[in-house]
>>> print(open('work-v4.cif').read())   # mmCIF, C-alpha atoms
data_entry
loop_
_atom_site.label_atom_id
_atom_site.label_comp_id
_atom_site.auth_asym_id
_atom_site.auth_seq_id
_atom_site.Cartn_x
_atom_site.Cartn_y
_atom_site.Cartn_z
CA MET A 240 45.36 20.24 29.62
CA GLU A 241 45.65 18.41 26.31
CA PHE A 242 45.73 15.11 28.23
CA ASN A 243 42.65 16.13 30.26
CA PHE A 244 40.75 17.01 27.10
CA TYR A 245 41.63 13.62 25.60
CA ASN A 246 40.91 11.71 28.79
CA PHE A 247 37.52 13.23 29.62
CA ASP A 248 36.31 13.14 26.01
CA HIS A 249 36.19 9.34 26.29
CA ASP A 250 33.96 7.04 28.31
CA GLU A 251 34.78 3.34 28.06
CA TRP A 252 31.20 2.22 28.75
CA ASP A 253 29.64 4.39 26.04
CA TYR A 254 32.35 3.55 23.53
CA SER A 255 32.25 -0.22 24.18
CA ARG A 256 28.48 -0.31 24.03
CA GLN A 257 28.55 1.47 20.65
CA GLN A 258 31.14 -0.94 19.26
CA LEU A 259 29.14 -3.94 20.50
CA GLN A 260 26.00 -2.56 18.83
CA LYS A 261 27.86 -2.14 15.53
CA HIS A 262 29.14 -5.71 15.80
CA LEU A 263 25.69 -7.15 16.48
CA THR A 264 23.98 -5.26 13.64
CA SER A 265 26.70 -6.38 11.22
CA LYS A 266 25.64 -10.01 11.80
CA GLY A 267 22.31 -9.73 10.00
CA PRO A 268 20.56 -7.88 7.18
CA PHE A 269 18.83 -5.41 9.47
CA ARG A 270 16.80 -2.58 7.97
CA PHE A 271 17.81 1.01 8.62
CA ARG A 272 15.48 4.01 8.32
CA GLN A 273 15.43 7.54 9.67
CA PRO A 274 16.45 8.34 12.36
CA LEU A 275 19.78 6.52 11.96
CA SER A 276 21.16 7.67 15.32
CA PHE A 277 19.40 4.92 17.25
CA GLY A 278 20.26 1.88 15.15
CA PRO A 279 18.17 -0.41 12.93
CA ALA A 280 14.44 0.27 12.96
CA PRO A 281 11.55 -2.10 13.64
CA GLY A 282 8.79 -2.09 11.05
CA PRO A 283 6.45 -4.14 8.86
CA ARG A 284 9.28 -6.22 7.43
CA GLN A 285 11.36 -6.35 10.62
CA PRO A 286 9.38 -6.68 13.88
CA LEU A 287 11.39 -5.74 16.99
CA ASN A 288 14.60 -5.55 14.92
CA GLN A 289 14.55 -9.32 14.51
CA LEU A 290 15.23 -11.05 11.22
CA ALA A 291 12.29 -11.79 8.93
CA ASP A 292 9.83 -14.52 9.99
CA THR A 293 11.04 -14.64 13.61
CA PHE A 294 7.50 -14.03 14.86
CA SER A 295 4.41 -15.92 13.74
CA GLN A 296 2.00 -13.89 11.64
CA ALA A 297 -0.72 -16.54 11.71
CA GLY A 298 -3.11 -14.35 13.71
CA GLN A 299 -3.03 -11.41 11.29
CA HIS A 300 -6.14 -10.83 9.21
CA GLN A 301 -7.96 -8.09 7.31
CA THR A 302 -11.26 -6.99 5.85
CA VAL A 303 -10.99 -5.89 2.21
CA TYR A 304 -13.54 -3.46 0.73
CA SER A 305 -13.26 -3.30 -3.06
CA ILE A 306 -15.14 -1.58 -5.87
CA ARG A 307 -13.96 -2.43 -9.37
CA PHE A 308 -15.31 -0.27 -12.21
CA LYS A 309 -14.99 0.80 -15.82
CA THR A 310 -13.52 4.24 -16.33
CA SER A 311 -11.74 6.54 -18.77
CA LYS A 312 -8.38 5.27 -19.96
CA THR A 313 -7.53 8.69 -21.38
CA TYR A 314 -7.95 10.30 -17.97
CA LEU A 315 -6.18 7.59 -15.98
CA GLN A 316 -3.10 7.80 -18.17
CA THR A 317 -2.68 11.42 -17.09
CA LEU A 318 -1.89 10.01 -13.64
CA PHE A 319 1.15 8.09 -14.91
CA PRO A 320 4.36 9.74 -13.61
CA THR A 321 6.44 9.15 -16.78
CA GLU A 322 5.92 8.18 -20.42
CA GLN A 323 7.34 4.73 -19.67
CA PHE A 324 3.96 3.84 -18.14
CA SER A 325 1.06 2.99 -20.46
CA PHE A 326 -1.89 0.62 -20.87
CA PHE A 327 -1.04 -2.62 -22.65
CA THR A 328 -4.36 -2.89 -24.51
CA PRO A 329 -5.84 -0.34 -26.95
CA GLY A 330 -9.10 1.54 -26.47
CA THR A 331 -10.54 4.38 -24.44
CA VAL A 332 -12.02 2.40 -21.53
CA ALA A 333 -10.00 0.90 -18.69
CA GLN A 334 -10.67 -0.78 -15.38
CA ALA A 335 -9.68 0.46 -11.94
CA SER A 336 -10.52 -0.29 -8.32
CA PHE A 337 -10.86 1.60 -5.11
CA VAL A 338 -9.70 -0.80 -2.42
CA CYS A 339 -9.75 -0.23 1.33
CA CYS A 340 -8.28 -2.69 3.82
CA SER A 341 -8.79 -2.86 7.58
CA LEU A 342 -5.78 -4.72 9.01
CA LYS A 343 -5.90 -6.34 12.44
CA ASN A 344 -3.55 -8.14 14.86
CA MET A 345 -0.43 -6.92 13.06
CA VAL A 346 2.67 -8.40 14.69
CA TRP A 347 4.92 -5.43 13.94
CA LEU A 348 2.38 -3.08 15.59
CA GLY A 349 2.15 -5.06 18.83
CA ASP A 350 -1.00 -6.83 17.56
CA GLY A 351 -2.62 -3.51 16.68
CA GLY A 352 -4.03 -2.50 13.31
CA TYR A 353 -4.80 0.30 10.86
CA GLU A 354 -6.62 1.03 7.60
CA HIS A 355 -5.49 1.98 4.10
CA CYS A 356 -7.42 2.96 1.00
CA GLY A 357 -6.15 3.55 -2.53
CA LEU A 358 -6.82 3.74 -6.25
CA TYR A 359 -5.52 0.77 -8.27
CA ILE A 360 -5.31 1.07 -12.08
CA HIS A 361 -5.39 -2.29 -13.87
CA GLY A 362 -3.77 -3.35 -17.11
CA VAL A 363 -0.68 -1.12 -16.98
CA GLN A 364 2.80 -1.76 -18.34
CA TYR A 365 6.18 -0.18 -17.69
CA VAL A 366 8.60 -0.18 -20.64
CA LYS A 367 12.21 -0.54 -19.54
CA ARG A 368 15.15 1.11 -21.28
CA ASP A 369 15.98 -2.18 -23.05
CA GLY A 370 12.44 -2.38 -24.47
CA SER A 371 11.22 -5.18 -22.21
CA LYS A 372 7.93 -4.69 -20.36
CA VAL A 373 6.71 -5.18 -16.83
CA ARG A 374 2.94 -5.55 -16.49
CA GLY A 375 0.91 -4.83 -13.39
CA THR A 376 -1.58 -2.73 -11.49
CA PHE A 377 -0.42 0.86 -11.01
CA LEU A 378 -0.93 2.49 -7.60
CA PRO A 379 -0.98 6.31 -7.89
CA MET A 380 -2.27 7.03 -4.36
CA LEU A 381 -2.68 5.23 -1.05
CA PHE A 382 -4.15 6.81 2.08
CA GLU A 383 -3.38 5.36 5.52
CA ASN A 384 -4.48 6.36 9.00
CA LEU A 385 -1.29 5.56 10.92
CA THR A 386 2.10 7.26 10.73
CA ASP A 387 4.19 4.10 11.12
CA PRO A 388 3.14 2.34 7.88
CA ILE A 389 3.10 5.65 5.99
CA VAL A 390 6.73 6.45 6.87
CA THR A 391 8.07 2.92 6.37
CA GLY A 392 6.16 2.48 3.11
CA ARG A 393 7.36 5.78 1.63
CA GLU A 394 10.99 5.31 2.72
CA GLU A 395 11.42 1.59 2.16
CA LEU A 396 9.05 0.78 -0.71
CA GLY A 397 8.65 4.10 -2.52
CA ALA A 398 4.88 3.85 -2.06
CA PRO A 399 2.80 7.02 -2.75
CA LYS A 400 1.30 7.22 0.75
CA TRP A 401 -0.33 10.05 2.67
CA GLY A 402 -2.28 10.34 5.89
CA ALA A 403 -6.07 10.54 6.24
CA ASN A 404 -8.81 9.58 8.66
CA ILE A 405 -10.46 6.37 7.43
CA ASN A 406 -13.77 5.43 9.03
CA ILE A 407 -15.79 2.27 8.35
CA SER A 408 -19.45 2.20 9.38
CA GLU A 409 -22.31 -0.29 8.99
CA SER A 410 -26.10 -0.04 8.91
CA GLU A 411 -28.83 -2.47 7.82
CA GLY A 412 -26.60 -4.79 5.82
CA SER A 413 -24.69 -1.98 4.11
CA LYS A 414 -21.22 -0.56 4.76
CA LYS A 415 -19.56 2.75 4.11
CA VAL A 416 -15.88 3.72 3.98
CA SER A 417 -15.20 7.43 4.52
CA LEU A 418 -11.96 9.34 4.02
CA ALA A 419 -11.43 12.65 5.78
CA TRP A 420 -8.77 15.14 6.84
CA ARG A 421 -9.37 16.82 10.22
CA GLY A 422 -13.09 16.22 9.96
CA ILE A 423 -13.46 17.28 6.30
CA VAL A 424 -14.81 14.28 4.38
CA PHE A 425 -13.52 14.09 0.80
CA GLY A 426 -14.19 10.48 -0.19
CA GLU A 427 -16.91 7.87 0.35
CA LEU A 428 -17.34 4.28 -0.81
CA ASP A 429 -20.82 2.80 -0.30
CA PHE A 430 -21.61 -0.93 -0.31
CA VAL A 431 -25.41 -1.36 -0.29
CA SER A 432 -27.35 -4.58 0.49
CA LEU A 433 -24.44 -6.92 1.08
CA GLY A 434 -25.10 -10.63 0.73
CA PRO A 435 -23.46 -13.94 -0.23
CA ILE A 436 -22.15 -14.35 -3.77
CA GLU A 437 -24.63 -16.13 -6.01
CA ALA A 438 -23.55 -19.27 -7.84
CA GLU A 439 -23.60 -17.67 -11.28
CA ALA A 440 -21.41 -14.82 -10.06
CA ARG A 441 -18.69 -17.24 -8.95
CA VAL A 442 -18.11 -18.47 -12.50
CA MET A 443 -18.29 -15.04 -14.12
CA PRO A 444 -15.26 -14.64 -16.44
CA LYS A 445 -12.75 -11.98 -15.41
CA PRO A 446 -9.85 -10.31 -17.21
CA ALA A 447 -6.45 -11.91 -16.85
CA PRO A 448 -4.87 -10.73 -13.58
CA ASP A 449 -1.91 -8.37 -13.58
CA ASP A 450 1.53 -9.73 -12.71
CA GLY A 451 2.18 -7.40 -9.79
CA MET A 452 1.86 -3.89 -8.47
CA LEU A 453 3.64 -0.91 -10.04
CA MET A 454 4.59 2.18 -8.01
CA TYR A 455 6.86 5.16 -8.55
CA ARG A 456 9.40 6.35 -5.98
CA TYR A 457 10.21 10.04 -5.74
CA VAL A 458 12.50 11.59 -3.11
CA PRO A 459 13.04 15.37 -3.40
CA ALA A 460 16.54 16.79 -3.10
CA VAL A 461 17.15 18.91 -0.02
CA GLY A 462 17.48 22.61 -0.85
CA GLU A 463 16.97 22.08 -4.60
CA PRO A 464 13.29 22.54 -5.52
CA GLY A 465 12.27 20.52 -8.57
CA LYS A 466 15.19 18.09 -8.31
CA ALA A 467 15.07 14.52 -7.00
CA ASP A 468 17.59 12.52 -5.00
CA ALA A 469 15.85 9.35 -6.16
CA GLU A 470 13.27 8.77 -8.89
CA TYR A 471 12.44 5.36 -10.33
CA ALA A 472 9.71 2.76 -10.86
CA VAL A 473 9.07 -0.04 -8.36
CA PHE A 474 7.47 -3.45 -8.94
CA ASP A 475 5.97 -5.80 -6.35
CA PRO A 476 5.23 -9.18 -7.96
CA TYR A 477 2.01 -10.84 -6.86
CA VAL A 478 3.51 -14.31 -7.06
CA PRO A 479 7.29 -13.95 -6.56
CA GLY A 480 9.17 -17.06 -7.58
CA GLY A 481 6.00 -19.04 -8.18
CA LYS A 482 2.86 -19.32 -6.11
CA PRO A 483 3.72 -20.14 -2.47
CA ALA A 484 1.82 -22.81 -0.58
CA ALA A 485 -1.49 -21.72 0.94
CA ALA A 486 -1.29 -18.26 -0.63
CA THR A 487 -3.96 -15.95 -1.98
CA ILE A 488 -3.90 -12.61 -3.75
CA THR A 489 -6.20 -9.96 -2.32
CA GLN A 490 -7.93 -7.21 -4.27
CA ASN A 491 -5.02 -4.86 -3.60
CA GLY A 492 -2.67 -7.38 -5.17
CA HIS A 493 -0.44 -8.34 -2.24
CA VAL A 494 0.60 -11.98 -1.90
CA GLU A 495 -0.56 -13.23 1.46
CA GLU A 496 0.49 -16.55 2.98
CA ALA A 497 -1.84 -18.34 5.36
CA GLY A 498 -0.51 -19.21 8.77
CA SER A 499 -1.34 -22.32 10.77
CA LYS A 500 -4.17 -20.55 12.57
CA ALA A 501 -5.70 -19.03 9.45
CA SER A 502 -9.20 -20.07 8.50
CA LYS A 503 -11.02 -19.65 5.22
CA GLY A 504 -12.34 -16.11 4.84
CA SER A 505 -15.84 -15.09 3.83
CA LYS A 506 -16.86 -12.87 0.93
CA MET A 507 -20.00 -10.78 0.36
CA VAL A 508 -21.12 -8.87 -2.71
CA ALA A 509 -23.06 -5.59 -2.76
CA LYS A 510 -26.19 -5.31 -4.89
CA LYS A 511 -25.37 -1.65 -5.37
CA ALA A 512 -22.20 0.37 -4.84
CA SER A 513 -20.99 3.90 -5.42
CA VAL A 514 -17.80 5.96 -5.30
CA LYS A 515 -17.85 9.64 -4.46
CA PHE A 516 -14.88 12.00 -4.08
CA GLN A 517 -15.21 15.74 -3.51
CA PRO A 518 -12.47 18.10 -4.70
CA ARG A 519 -12.84 20.49 -1.74
CA SER A 520 -10.90 23.75 -1.49
CA TRP A 521 -7.38 24.65 -0.45
CA LYS A 522 -8.85 26.09 2.75
CA GLU A 523 -10.53 22.79 3.60
CA LEU A 524 -7.74 20.42 2.45
CA PRO A 525 -4.60 22.59 2.36
CA THR A 526 -2.12 19.73 1.75
CA ILE A 527 -4.19 17.22 -0.24
CA HIS A 528 -6.77 19.28 -2.14
CA HIS A 529 -4.93 18.52 -5.40
CA ILE A 530 -5.19 14.77 -4.69
CA ALA A 531 -8.89 15.00 -3.82
CA GLN A 532 -9.43 16.96 -7.04
CA GLY A 533 -7.67 14.30 -9.09
CA LEU A 534 -9.67 11.47 -7.52
CA ALA A 535 -12.94 13.38 -7.95
CA GLU A 536 -12.26 13.59 -11.71
CA VAL A 537 -11.99 9.79 -12.10
CA PRO A 538 -15.23 8.87 -13.92
CA VAL A 539 -17.17 5.74 -12.96
CA TYR A 540 -18.85 4.42 -16.10
CA GLU A 541 -20.05 1.14 -14.58
CA VAL A 542 -19.46 -0.74 -11.33
CA LEU A 543 -18.31 -4.24 -12.25
CA GLU A 544 -18.01 -5.72 -8.80
CA ALA A 545 -18.27 -4.51 -5.20
CA THR A 546 -17.23 -6.91 -2.46
CA VAL A 547 -16.39 -7.09 1.22
CA GLU A 548 -14.07 -9.97 1.98
CA GLU A 549 -12.60 -11.35 5.20
CA VAL A 550 -9.03 -12.42 4.45
CA PRO A 551 -7.27 -14.51 7.15
CA MET A 552 -3.78 -13.21 6.37
CA VAL A 553 -1.81 -10.03 5.59
CA GLY A 554 1.32 -9.64 3.44
CA ASP A 555 4.24 -7.30 4.11
CA VAL A 556 5.16 -6.35 0.51
CA ARG A 557 8.73 -7.52 1.05
CA GLY A 558 8.95 -8.47 -2.63
CA ALA A 559 8.95 -4.84 -3.85
CA ARG A 560 12.05 -4.05 -5.95
CA ARG A 561 13.41 -1.25 -8.10
CA ILE A 562 12.73 -2.10 -11.76
CA GLU A 563 15.90 -0.58 -13.22
#
>>> encode(input="work-v4.cif", output="structure tokens")
Amino acid sequence: MEFNFYNFDHDEWDYSRQQLQKHLTSKGPFRFRQPLSFGPAPGPRQPLNQLADTFSQAGQHQTVYSIRFKTSKTYLQTLFPTEQFSFFTPGTVAQASFVCCSLKNMVWLGDGGYEHCGLYIHGVQYVKRDGSKVRGTFLPMLFENLTDPIVTGREELGAPKWGANINISESEGSKKVSLAWRGIVFGELDFVSLGPIEAEARVMPKPAPDDGMLMYRYVPAVGEPGKADAEYAVFDPYVPGGKPAAATITQNGHVEEAGSKASKGSKMVAKKASVKFQPRSWKELPTIHHIAQGLAEVPVYEVLEATVEEVPMVGDVRGARRIE
């Protein structure tokens, strides 16, 4: 009976196939995510479990909706996760942007697409334990309308992502971006009377750009409320290792390299723009009412620029790294 138990507990085909799979995955730097039981996982930085850059991304493109505005520095700093984050210039006024991107022809999604929309706080620094500083744009919240980028971004990049319905509509030369949860609208960005950028606007001086994007990773410990398995700052440089050939930096800060099929994108500016977030109740937004409340409290002192830009490329944020 002991021999029978040993003999029938083993199948040579299943065992050999498993060993071959382990051998093949050991040959390359494949990315693993949950669930681990089925091997390395495809995703934005690894289409079809192939190594990076196996598939051409030349056909990927996006439309970027951005409203940059003056706001309260004293309020925005309450959104920093630790005291190591701060603004690197004095004063009580800061700049931030609400940026929404509609991504299309994404290789890792079988040429499909999705939308994301977030708050980007400019002029932020992270002070490391040795006293050195990392400067960038801090991302406290990013909504997306597809599970796949939400899961991969939270697990692999530490990005503060959550799901929402994102709808983009157009009427009479104006565009609106709406954010909702199960039909309850809690955020709206309006771009009114869009037109080409005037010549004087093109030479308008702007603040020095940030060096990259700052995020904060937090993974709760299982069965231990209030404790974290992982908790640290993340930095995604806008121009890693120097500016790559044919690269641009979009409003959300990601470095994006043009492919051979990419053409120059167009850019329109709105004569008038507005941002409106509604706090809503726990009954209406049971899992994100606290986020809606926080976004609704962000004051808009003055809209500095509101644009809709066609960008003929999309980055994959592969440069994101743990700071320390």
>>> residues_around(input="work-v4.cif", residues="Pro281 in chain A", least_positions_apart="2", cutoff="12 Å", atoms="only C-alpha atoms", output="PyMOL selection string")
chain A and resi 269-274+277-279+283-291+346-349+387-388+390-391
>>> closest_atom_pairs(input="work-v4.cif", of="range 285-308 of chain A", to="range 426-438 of chain A", cutoff="9 Å", atoms="all atoms listed in the file", output="Markdown table")
| residue | atom | partner | partner_atom | distance |
| --- | --- | --- | --- | --- |
| A:Tyr304 | CA | A:Phe430 | CA | 8.5 |
| A:Ser305 | CA | A:Leu428 | CA | 8.9 |
| A:Ile306 | CA | A:Leu428 | CA | 8.0 |
>>> write_last_selection(input="work-v4.cif", atoms="C-alpha atoms", output="PDB file, in the frame of the given file")
ATOM      1  CA  TYR A 304     -13.540  -3.460   0.730  1.00  0.00           C
ATOM      2  CA  SER A 305     -13.260  -3.300  -3.060  1.00  0.00           C
ATOM      3  CA  ILE A 306     -15.140  -1.580  -5.870  1.00  0.00           C
TER       4      ILE A 306
END
>>> closest_residue(input="work-v4.cif", among="A:Tyr254, A:Glu394, A:Val416, A:Lys312", to="Gly357 in chain A", atoms="all atoms listed in the file")
A:Val416
>>> resolve_selection(input="work-v4.cif", expression="the PyMOL selection byres ((chain A and resi 367-378) around 9)", output="PyMOL selection string")
chain A and resi 319+323-324+326-327+335+357-366+379-381+398-399+448-455+474-477+491-492+562-563
>>> atom_distance(input="work-v4.cif", atom1="CA of Tyr540 in chain A", atom2="CA of Thr310 in chain A")
5.3 Å
